[in-house]
Amino acid sequence: MTETKLSKLRITGQTHQGITTTVKVRNLPEFFVDESERMGGDNKGPNPLEYLLSSLAGCTSIIAYYVAEQQGLAYRGLSFTVEGTFDPRGFAGEDDIRTYFQEVTLINHIETDETDEAIEKLAAEVERRCPVYNLMLDAGVDMSTQWIRTN
């Protein structure tokens, strides 16, 4: 039997004065994770939940590229809007309140001449294979996804 080789991702980070954190990934420029000034941060970067929504959008986009290529689906562009709703009482420490998203809505606008059936096939496979989507789904987040064709 062949043993599966697992992949490992690694980041490093450092918290600075207050809650601002710099994060380093591979050989890319470091970036900030922060909160708005209203939440006690310096507003130097997105907060962790905003990065999670960004990760969902980015992961969906990357998986869509690979799946479309495998399915022979041609598209000219993909844009998205992602919204997440959460109860801030959990973040504030109240017991029995989930600290992460209750629901997430992902709207994908795909610029293509392909049929509705082809887009539905693409969407189903992207949802099946997207690690971030499935992580949220398995965490019990109510996921709502739309794929809208634009010309």
# chains A, B, ... in the order shown; residues from 1 in each chain; ligands from 1
$ residues_around --residues "region 52-62 of chain A" --least-positions-apart "2" --cutoff "7 Å" --atoms "only C-alpha atoms" --output "short mmCIF file (atom, residue, chain, number, x, y, z; two decimals) with C-alpha atoms, in the first residue's frame"
data_model
loop_
_atom_site.label_atom_id
_atom_site.label_comp_id
_atom_site.auth_asym_id
_atom_site.auth_seq_id
_atom_site.Cartn_x
_atom_site.Cartn_y
_atom_site.Cartn_z
CA PRO A 48 -9.02 37.31 11.91
CA LEU A 49 -12.65 36.81 10.88
CA GLU A 50 -12.19 39.10 7.88
CA ALA A 64 -12.80 27.08 -9.32
CA TYR A 65 -9.81 27.66 -11.60
CA TYR A 66 -8.61 24.05 -11.25
CA PHE A 80 -17.27 37.56 -5.29
CA VAL A 82 -18.67 37.29 1.09
CA VAL A 126 -15.89 23.58 -5.97
CA CYS A 130 -12.75 23.74 -1.19
CA VAL A 132 -12.12 26.48 3.71
CA TYR A 133 -15.76 25.99 2.65
#
$ residues_around --residues "region 143-146 of chain A" --least-positions-apart "4" --cutoff "12 Å" --atoms "only C-alpha atoms" --output "PDB file with N, CA, C and O atoms, in the first residue's frame"
ATOM      1  N   LEU A  53     -13.013  35.109   5.981  1.00  0.00           N
ATOM      2  CA  LEU A  53     -13.886  35.332   4.824  1.00  0.00           C
ATOM      3  C   LEU A  53     -13.063  35.504   3.551  1.00  0.00           C
ATOM      4  O   LEU A  53     -13.435  34.999   2.481  1.00  0.00           O
ATOM      5  N   LEU A  56     -11.973  32.155   2.367  1.00  0.00           N
ATOM      6  CA  LEU A  56     -13.047  31.456   1.654  1.00  0.00           C
ATOM      7  C   LEU A  56     -13.134  31.938   0.207  1.00  0.00           C
ATOM      8  O   LEU A  56     -13.215  31.133  -0.715  1.00  0.00           O
ATOM      9  N   ALA A  57     -13.095  33.248   0.008  1.00  0.00           N
ATOM     10  CA  ALA A  57     -13.158  33.794  -1.350  1.00  0.00           C
ATOM     11  C   ALA A  57     -11.957  33.341  -2.180  1.00  0.00           C
ATOM     12  O   ALA A  57     -12.103  32.901  -3.320  1.00  0.00           O
ATOM     13  N   THR A  60     -12.118  29.529  -2.875  1.00  0.00           N
ATOM     14  CA  THR A  60     -13.140  29.264  -3.890  1.00  0.00           C
ATOM     15  C   THR A  60     -12.622  29.620  -5.277  1.00  0.00           C
ATOM     16  O   THR A  60     -12.790  28.860  -6.235  1.00  0.00           O
ATOM     17  N   SER A  79     -15.730  37.152  -9.757  1.00  0.00           N
ATOM     18  CA  SER A  79     -15.691  38.107  -8.651  1.00  0.00           C
ATOM     19  C   SER A  79     -16.653  37.603  -7.585  1.00  0.00           C
ATOM     20  O   SER A  79     -17.523  36.773  -7.851  1.00  0.00           O
ATOM     21  N   PHE A  80     -16.498  38.115  -6.382  1.00  0.00           N
ATOM     22  CA  PHE A  80     -17.275  37.556  -5.286  1.00  0.00           C
ATOM     23  C   PHE A  80     -17.547  38.606  -4.216  1.00  0.00           C
ATOM     24  O   PHE A  80     -16.848  39.597  -4.080  1.00  0.00           O
ATOM     25  N   THR A  81     -18.592  38.332  -3.465  1.00  0.00           N
ATOM     26  CA  THR A  81     -18.923  39.072  -2.255  1.00  0.00           C
ATOM     27  C   THR A  81     -19.150  38.025  -1.174  1.00  0.00           C
ATOM     28  O   THR A  81     -19.871  37.049  -1.400  1.00  0.00           O
ATOM     29  N   VAL A  82     -18.527  38.222  -0.019  1.00  0.00           N
ATOM     30  CA  VAL A  82     -18.674  37.287   1.089  1.00  0.00           C
ATOM     31  C   VAL A  82     -19.097  38.076   2.322  1.00  0.00           C
ATOM     32  O   VAL A  82     -18.507  39.099   2.639  1.00  0.00           O
ATOM     33  N   GLU A  83     -20.119  37.590   2.985  1.00  0.00           N
ATOM     34  CA  GLU A  83     -20.577  38.210   4.227  1.00  0.00           C
ATOM     35  C   GLU A  83     -20.721  37.132   5.288  1.00  0.00           C
ATOM     36  O   GLU A  83     -21.198  36.033   4.998  1.00  0.00           O
ATOM     37  N   GLY A  84     -20.315  37.452   6.497  1.00  0.00           N
ATOM     38  CA  GLY A  84     -20.457  36.534   7.612  1.00  0.00           C
ATOM     39  C   GLY A  84     -21.161  37.220   8.768  1.00  0.00           C
ATOM     40  O   GLY A  84     -20.924  38.394   9.036  1.00  0.00           O
ATOM     41  N   THR A  85     -22.020  36.481   9.437  1.00  0.00           N
ATOM     42  CA  THR A  85     -22.757  37.003  10.582  1.00  0.00           C
ATOM     43  C   THR A  85     -22.364  36.202  11.814  1.00  0.00           C
ATOM     44  O   THR A  85     -22.350  34.966  11.780  1.00  0.00           O
ATOM     45  N   PHE A 101     -18.661  32.361  13.073  1.00  0.00           N
ATOM     46  CA  PHE A 101     -19.814  32.722  12.266  1.00  0.00           C
ATOM     47  C   PHE A 101     -21.017  31.809  12.494  1.00  0.00           C
ATOM     48  O   PHE A 101     -20.879  30.596  12.579  1.00  0.00           O
ATOM     49  N   GLN A 102     -22.182  32.446  12.534  1.00  0.00           N
ATOM     50  CA  GLN A 102     -23.450  31.715  12.527  1.00  0.00           C
ATOM     51  C   GLN A 102     -23.790  31.331  11.082  1.00  0.00           C
ATOM     52  O   GLN A 102     -24.216  30.215  10.818  1.00  0.00           O
ATOM     53  N   GLU A 103     -23.598  32.306  10.195  1.00  0.00           N
ATOM     54  CA  GLU A 103     -23.891  32.068   8.779  1.00  0.00           C
ATOM     55  C   GLU A 103     -22.915  32.847   7.902  1.00  0.00           C
ATOM     56  O   GLU A 103     -22.401  33.889   8.307  1.00  0.00           O
ATOM     57  N   VAL A 104     -22.671  32.288   6.723  1.00  0.00           N
ATOM     58  CA  VAL A 104     -21.805  32.929   5.742  1.00  0.00           C
ATOM     59  C   VAL A 104     -22.501  32.844   4.384  1.00  0.00           C
ATOM     60  O   VAL A 104     -23.021  31.784   4.009  1.00  0.00           O
ATOM     61  N   THR A 105     -22.518  33.955   3.673  1.00  0.00           N
ATOM     62  CA  THR A 105     -23.075  34.013   2.331  1.00  0.00           C
ATOM     63  C   THR A 105     -21.954  34.332   1.355  1.00  0.00           C
ATOM     64  O   THR A 105     -21.216  35.293   1.562  1.00  0.00           O
ATOM     65  N   LEU A 106     -21.830  33.514   0.332  1.00  0.00           N
ATOM     66  CA  LEU A 106     -20.821  33.686  -0.707  1.00  0.00           C
ATOM     67  C   LEU A 106     -21.544  33.820  -2.041  1.00  0.00           C
ATOM     68  O   LEU A 106     -22.266  32.910  -2.454  1.00  0.00           O
ATOM     69  N   ILE A 107     -21.384  34.970  -2.673  1.00  0.00           N
ATOM     70  CA  ILE A 107     -21.984  35.197  -3.986  1.00  0.00           C
ATOM     71  C   ILE A 107     -20.850  35.316  -4.995  1.00  0.00           C
ATOM     72  O   ILE A 107     -20.001  36.204  -4.881  1.00  0.00           O
ATOM     73  N   ASN A 108     -20.835  34.401  -5.959  1.00  0.00           N
ATOM     74  CA  ASN A 108     -19.823  34.375  -7.014  1.00  0.00           C
ATOM     75  C   ASN A 108     -20.448  34.866  -8.308  1.00  0.00           C
ATOM     76  O   ASN A 108     -21.497  34.366  -8.719  1.00  0.00           O
ATOM     77  N   HIS A 109     -19.824  35.846  -8.936  1.00  0.00           N
ATOM     78  CA  HIS A 109     -20.244  36.314 -10.253  1.00  0.00           C
ATOM     79  C   HIS A 109     -19.225  35.777 -11.242  1.00  0.00           C
ATOM     80  O   HIS A 109     -18.055  36.166 -11.211  1.00  0.00           O
ATOM     81  N   ILE A 110     -19.668  34.873 -12.102  1.00  0.00           N
ATOM     82  CA  ILE A 110     -18.763  34.246 -13.064  1.00  0.00           C
ATOM     83  C   ILE A 110     -19.096  34.758 -14.462  1.00  0.00           C
ATOM     84  O   ILE A 110     -20.242  34.686 -14.910  1.00  0.00           O
ATOM     85  N   ILE A 119     -22.383  25.553 -15.031  1.00  0.00           N
ATOM     86  CA  ILE A 119     -22.049  26.350 -13.844  1.00  0.00           C
ATOM     87  C   ILE A 119     -22.434  25.593 -12.580  1.00  0.00           C
ATOM     88  O   ILE A 119     -21.677  25.587 -11.596  1.00  0.00           O
ATOM     89  N   GLU A 120     -23.591  24.943 -12.586  1.00  0.00           N
ATOM     90  CA  GLU A 120     -24.023  24.152 -11.424  1.00  0.00           C
ATOM     91  C   GLU A 120     -23.048  23.004 -11.147  1.00  0.00           C
ATOM     92  O   GLU A 120     -22.740  22.710  -9.986  1.00  0.00           O
ATOM     93  N   LEU A 122     -19.835  22.969 -11.954  1.00  0.00           N
ATOM     94  CA  LEU A 122     -18.639  23.622 -11.415  1.00  0.00           C
ATOM     95  C   LEU A 122     -18.840  23.954  -9.935  1.00  0.00           C
ATOM     96  O   LEU A 122     -18.006  23.630  -9.096  1.00  0.00           O
ATOM     97  N   ALA A 123     -19.960  24.577  -9.606  1.00  0.00           N
ATOM     98  CA  ALA A 123     -20.238  25.004  -8.229  1.00  0.00           C
ATOM     99  C   ALA A 123     -20.246  23.809  -7.272  1.00  0.00           C
ATOM    100  O   ALA A 123     -19.655  23.883  -6.183  1.00  0.00           O
ATOM    101  N   ALA A 124     -20.886  22.734  -7.654  1.00  0.00           N
ATOM    102  CA  ALA A 124     -20.959  21.553  -6.791  1.00  0.00           C
ATOM    103  C   ALA A 124     -19.570  20.982  -6.518  1.00  0.00           C
ATOM    104  O   ALA A 124     -19.257  20.607  -5.377  1.00  0.00           O
ATOM    105  N   VAL A 126     -16.659  22.621  -6.758  1.00  0.00           N
ATOM    106  CA  VAL A 126     -15.886  23.585  -5.973  1.00  0.00           C
ATOM    107  C   VAL A 126     -16.252  23.450  -4.500  1.00  0.00           C
ATOM    108  O   VAL A 126     -15.378  23.392  -3.634  1.00  0.00           O
ATOM    109  N   GLU A 127     -17.544  23.379  -4.196  1.00  0.00           N
ATOM    110  CA  GLU A 127     -17.961  23.224  -2.805  1.00  0.00           C
ATOM    111  C   GLU A 127     -17.456  21.916  -2.219  1.00  0.00           C
ATOM    112  O   GLU A 127     -17.069  21.860  -1.053  1.00  0.00           O
ATOM    113  N   VAL A 132     -11.595  25.462   2.799  1.00  0.00           N
ATOM    114  CA  VAL A 132     -12.119  26.482   3.709  1.00  0.00           C
ATOM    115  C   VAL A 132     -13.646  26.372   3.792  1.00  0.00           C
ATOM    116  O   VAL A 132     -14.222  26.425   4.883  1.00  0.00           O
ATOM    117  N   TYR A 133     -14.299  26.175   2.673  1.00  0.00           N
ATOM    118  CA  TYR A 133     -15.756  25.993   2.655  1.00  0.00           C
ATOM    119  C   TYR A 133     -16.135  24.809   3.542  1.00  0.00           C
ATOM    120  O   TYR A 133     -17.050  24.895   4.369  1.00  0.00           O
ATOM    121  N   ASN A 134     -15.438  23.703   3.367  1.00  0.00           N
ATOM    122  CA  ASN A 134     -15.768  22.499   4.124  1.00  0.00           C
ATOM    123  C   ASN A 134     -15.429  22.615   5.601  1.00  0.00           C
ATOM    124  O   ASN A 134     -16.115  22.043   6.449  1.00  0.00           O
ATOM    125  N   LEU A 135     -14.393  23.354   5.935  1.00  0.00           N
ATOM    126  CA  LEU A 135     -14.075  23.608   7.335  1.00  0.00           C
ATOM    127  C   LEU A 135     -15.232  24.349   8.003  1.00  0.00           C
ATOM    128  O   LEU A 135     -15.676  23.994   9.100  1.00  0.00           O
ATOM    129  N   MET A 136     -15.741  25.368   7.337  1.00  0.00           N
ATOM    130  CA  MET A 136     -16.874  26.128   7.883  1.00  0.00           C
ATOM    131  C   MET A 136     -18.131  25.266   7.960  1.00  0.00           C
ATOM    132  O   MET A 136     -18.853  25.289   8.964  1.00  0.00           O
ATOM    133  N   LEU A 137     -18.380  24.510   6.918  1.00  0.00           N
ATOM    134  CA  LEU A 137     -19.552  23.645   6.882  1.00  0.00           C
ATOM    135  C   LEU A 137     -19.497  22.629   8.023  1.00  0.00           C
ATOM    136  O   LEU A 137     -20.478  22.426   8.744  1.00  0.00           O
ATOM    137  N   ASP A 138     -18.337  22.002   8.207  1.00  0.00           N
ATOM    138  CA  ASP A 138     -18.175  21.008   9.272  1.00  0.00           C
ATOM    139  C   ASP A 138     -18.263  21.628  10.661  1.00  0.00           C
ATOM    140  O   ASP A 138     -18.585  20.938  11.633  1.00  0.00           O
ATOM    141  N   ALA A 139     -18.014  22.936  10.775  1.00  0.00           N
ATOM    142  CA  ALA A 139     -18.132  23.641  12.054  1.00  0.00           C
ATOM    143  C   ALA A 139     -19.581  24.042  12.335  1.00  0.00           C
ATOM    144  O   ALA A 139     -19.857  24.655  13.359  1.00  0.00           O
TER     145      ALA A 139
END
$ select_by_dssp --residues "chain A" --states "strand (DSSP E or B)" --output "PyMOL selection string"
chain A and resi 11-15+21-25+31-33+77-85+103-111+142-150
$ write_last_selection --atoms "N, CA and C atoms" --output "tab-separated table (two decimals), in the first residue's frame"
chain	number	residue	atom	x	y	z
A	11	ILE	N	3.45	29.24	9.19
A	11	ILE	CA	3.56	30.69	9.23
A	11	ILE	C	4.26	31.05	10.53
A	12	THR	N	4.81	32.24	10.57
A	12	THR	CA	5.35	32.77	11.83
A	12	THR	C	4.69	34.11	12.07
A	13	GLY	N	4.63	34.51	13.31
A	13	GLY	CA	3.99	35.77	13.63
A	13	GLY	C	4.54	36.36	14.90
A	14	GLN	N	4.26	37.64	15.08
A	14	GLN	CA	4.72	38.34	16.27
A	14	GLN	C	3.72	39.43	16.61
A	15	THR	N	3.32	39.45	17.86
A	15	THR	CA	2.44	40.50	18.35
A	15	THR	C	3.29	41.69	18.75
A	21	THR	N	-0.63	42.30	15.06
A	21	THR	CA	0.25	41.15	14.83
A	21	THR	C	0.77	41.19	13.41
A	22	THR	N	2.06	40.92	13.24
A	22	THR	CA	2.60	40.74	11.89
A	22	THR	C	2.74	39.24	11.66
A	23	VAL	N	2.46	38.85	10.42
A	23	VAL	CA	2.50	37.44	10.04
A	23	VAL	C	3.39	37.30	8.82
A	24	LYS	N	4.18	36.26	8.81
A	24	LYS	CA	5.09	35.98	7.70
A	24	LYS	C	4.74	34.61	7.12
A	25	VAL	N	4.56	34.58	5.80
A	25	VAL	CA	4.25	33.36	5.07
A	25	VAL	C	5.27	33.19	3.96
A	31	PHE	N	2.49	40.63	6.66
A	31	PHE	CA	1.24	41.38	6.65
A	31	PHE	C	0.69	41.48	8.07
A	32	PHE	N	-0.29	42.36	8.23
A	32	PHE	CA	-0.85	42.64	9.54
A	32	PHE	C	-2.18	41.92	9.75
A	33	VAL	N	-2.37	41.47	10.96
A	33	VAL	CA	-3.68	41.05	11.47
A	33	VAL	C	-3.96	42.02	12.61
A	77	GLY	N	-13.83	35.73	-16.06
A	77	GLY	CA	-13.59	36.39	-14.79
A	77	GLY	C	-14.46	35.81	-13.70
A	78	LEU	N	-14.02	36.00	-12.46
A	78	LEU	CA	-14.77	35.55	-11.29
A	78	LEU	C	-14.62	36.62	-10.22
A	79	SER	N	-15.73	37.15	-9.76
A	79	SER	CA	-15.69	38.11	-8.65
A	79	SER	C	-16.65	37.60	-7.59
A	80	PHE	N	-16.50	38.11	-6.38
A	80	PHE	CA	-17.27	37.56	-5.29
A	80	PHE	C	-17.55	38.61	-4.22
A	81	THR	N	-18.59	38.33	-3.47
A	81	THR	CA	-18.92	39.07	-2.26
A	81	THR	C	-19.15	38.03	-1.17
A	82	VAL	N	-18.53	38.22	-0.02
A	82	VAL	CA	-18.67	37.29	1.09
A	82	VAL	C	-19.10	38.08	2.32
A	83	GLU	N	-20.12	37.59	2.99
A	83	GLU	CA	-20.58	38.21	4.23
A	83	GLU	C	-20.72	37.13	5.29
A	84	GLY	N	-20.31	37.45	6.50
A	84	GLY	CA	-20.46	36.53	7.61
A	84	GLY	C	-21.16	37.22	8.77
A	85	THR	N	-22.02	36.48	9.44
A	85	THR	CA	-22.76	37.00	10.58
A	85	THR	C	-22.36	36.20	11.81
A	103	GLU	N	-23.60	32.31	10.19
A	103	GLU	CA	-23.89	32.07	8.78
A	103	GLU	C	-22.91	32.85	7.90
A	104	VAL	N	-22.67	32.29	6.72
A	104	VAL	CA	-21.80	32.93	5.74
A	104	VAL	C	-22.50	32.84	4.38
A	105	THR	N	-22.52	33.96	3.67
A	105	THR	CA	-23.08	34.01	2.33
A	105	THR	C	-21.95	34.33	1.36
A	106	LEU	N	-21.83	33.51	0.33
A	106	LEU	CA	-20.82	33.69	-0.71
A	106	LEU	C	-21.54	33.82	-2.04
A	107	ILE	N	-21.38	34.97	-2.67
A	107	ILE	CA	-21.98	35.20	-3.99
A	107	ILE	C	-20.85	35.32	-5.00
A	108	ASN	N	-20.84	34.40	-5.96
A	108	ASN	CA	-19.82	34.37	-7.01
A	108	ASN	C	-20.45	34.87	-8.31
A	109	HIS	N	-19.82	35.85	-8.94
A	109	HIS	CA	-20.24	36.31	-10.25
A	109	HIS	C	-19.22	35.78	-11.24
A	110	ILE	N	-19.67	34.87	-12.10
A	110	ILE	CA	-18.76	34.25	-13.06
A	110	ILE	C	-19.10	34.76	-14.46
A	111	GLU	N	-18.07	35.31	-15.10
A	111	GLU	CA	-18.24	35.85	-16.44
A	111	GLU	C	-17.96	34.73	-17.44
A	142	ASP	N	-23.94	27.95	8.82
A	142	ASP	CA	-24.97	27.90	7.79
A	142	ASP	C	-24.39	28.58	6.54
A	143	MET	N	-24.06	27.78	5.53
A	143	MET	CA	-23.42	28.28	4.32
A	143	MET	C	-24.45	28.48	3.22
A	144	SER	N	-24.43	29.67	2.62
A	144	SER	CA	-25.30	29.99	1.49
A	144	SER	C	-24.41	30.45	0.33
A	145	THR	N	-24.50	29.75	-0.78
A	145	THR	CA	-23.66	30.05	-1.93
A	145	THR	C	-24.50	30.26	-3.17
A	146	GLN	N	-24.16	31.29	-3.94
A	146	GLN	CA	-24.82	31.53	-5.22
A	146	GLN	C	-23.75	31.70	-6.29
A	147	TRP	N	-24.03	31.18	-7.47
A	147	TRP	CA	-23.18	31.40	-8.64
A	147	TRP	C	-24.05	32.11	-9.67
A	148	ILE	N	-23.67	33.31	-10.03
A	148	ILE	CA	-24.46	34.13	-10.95
A	148	ILE	C	-23.63	34.38	-12.21
A	149	ARG	N	-24.21	34.01	-13.36
A	149	ARG	CA	-23.53	34.19	-14.63
A	149	ARG	C	-23.66	35.66	-15.06
A	150	THR	N	-22.53	36.22	-15.47
A	150	THR	CA	-22.53	37.55	-16.07
A	150	THR	C	-21.90	37.40	-17.45
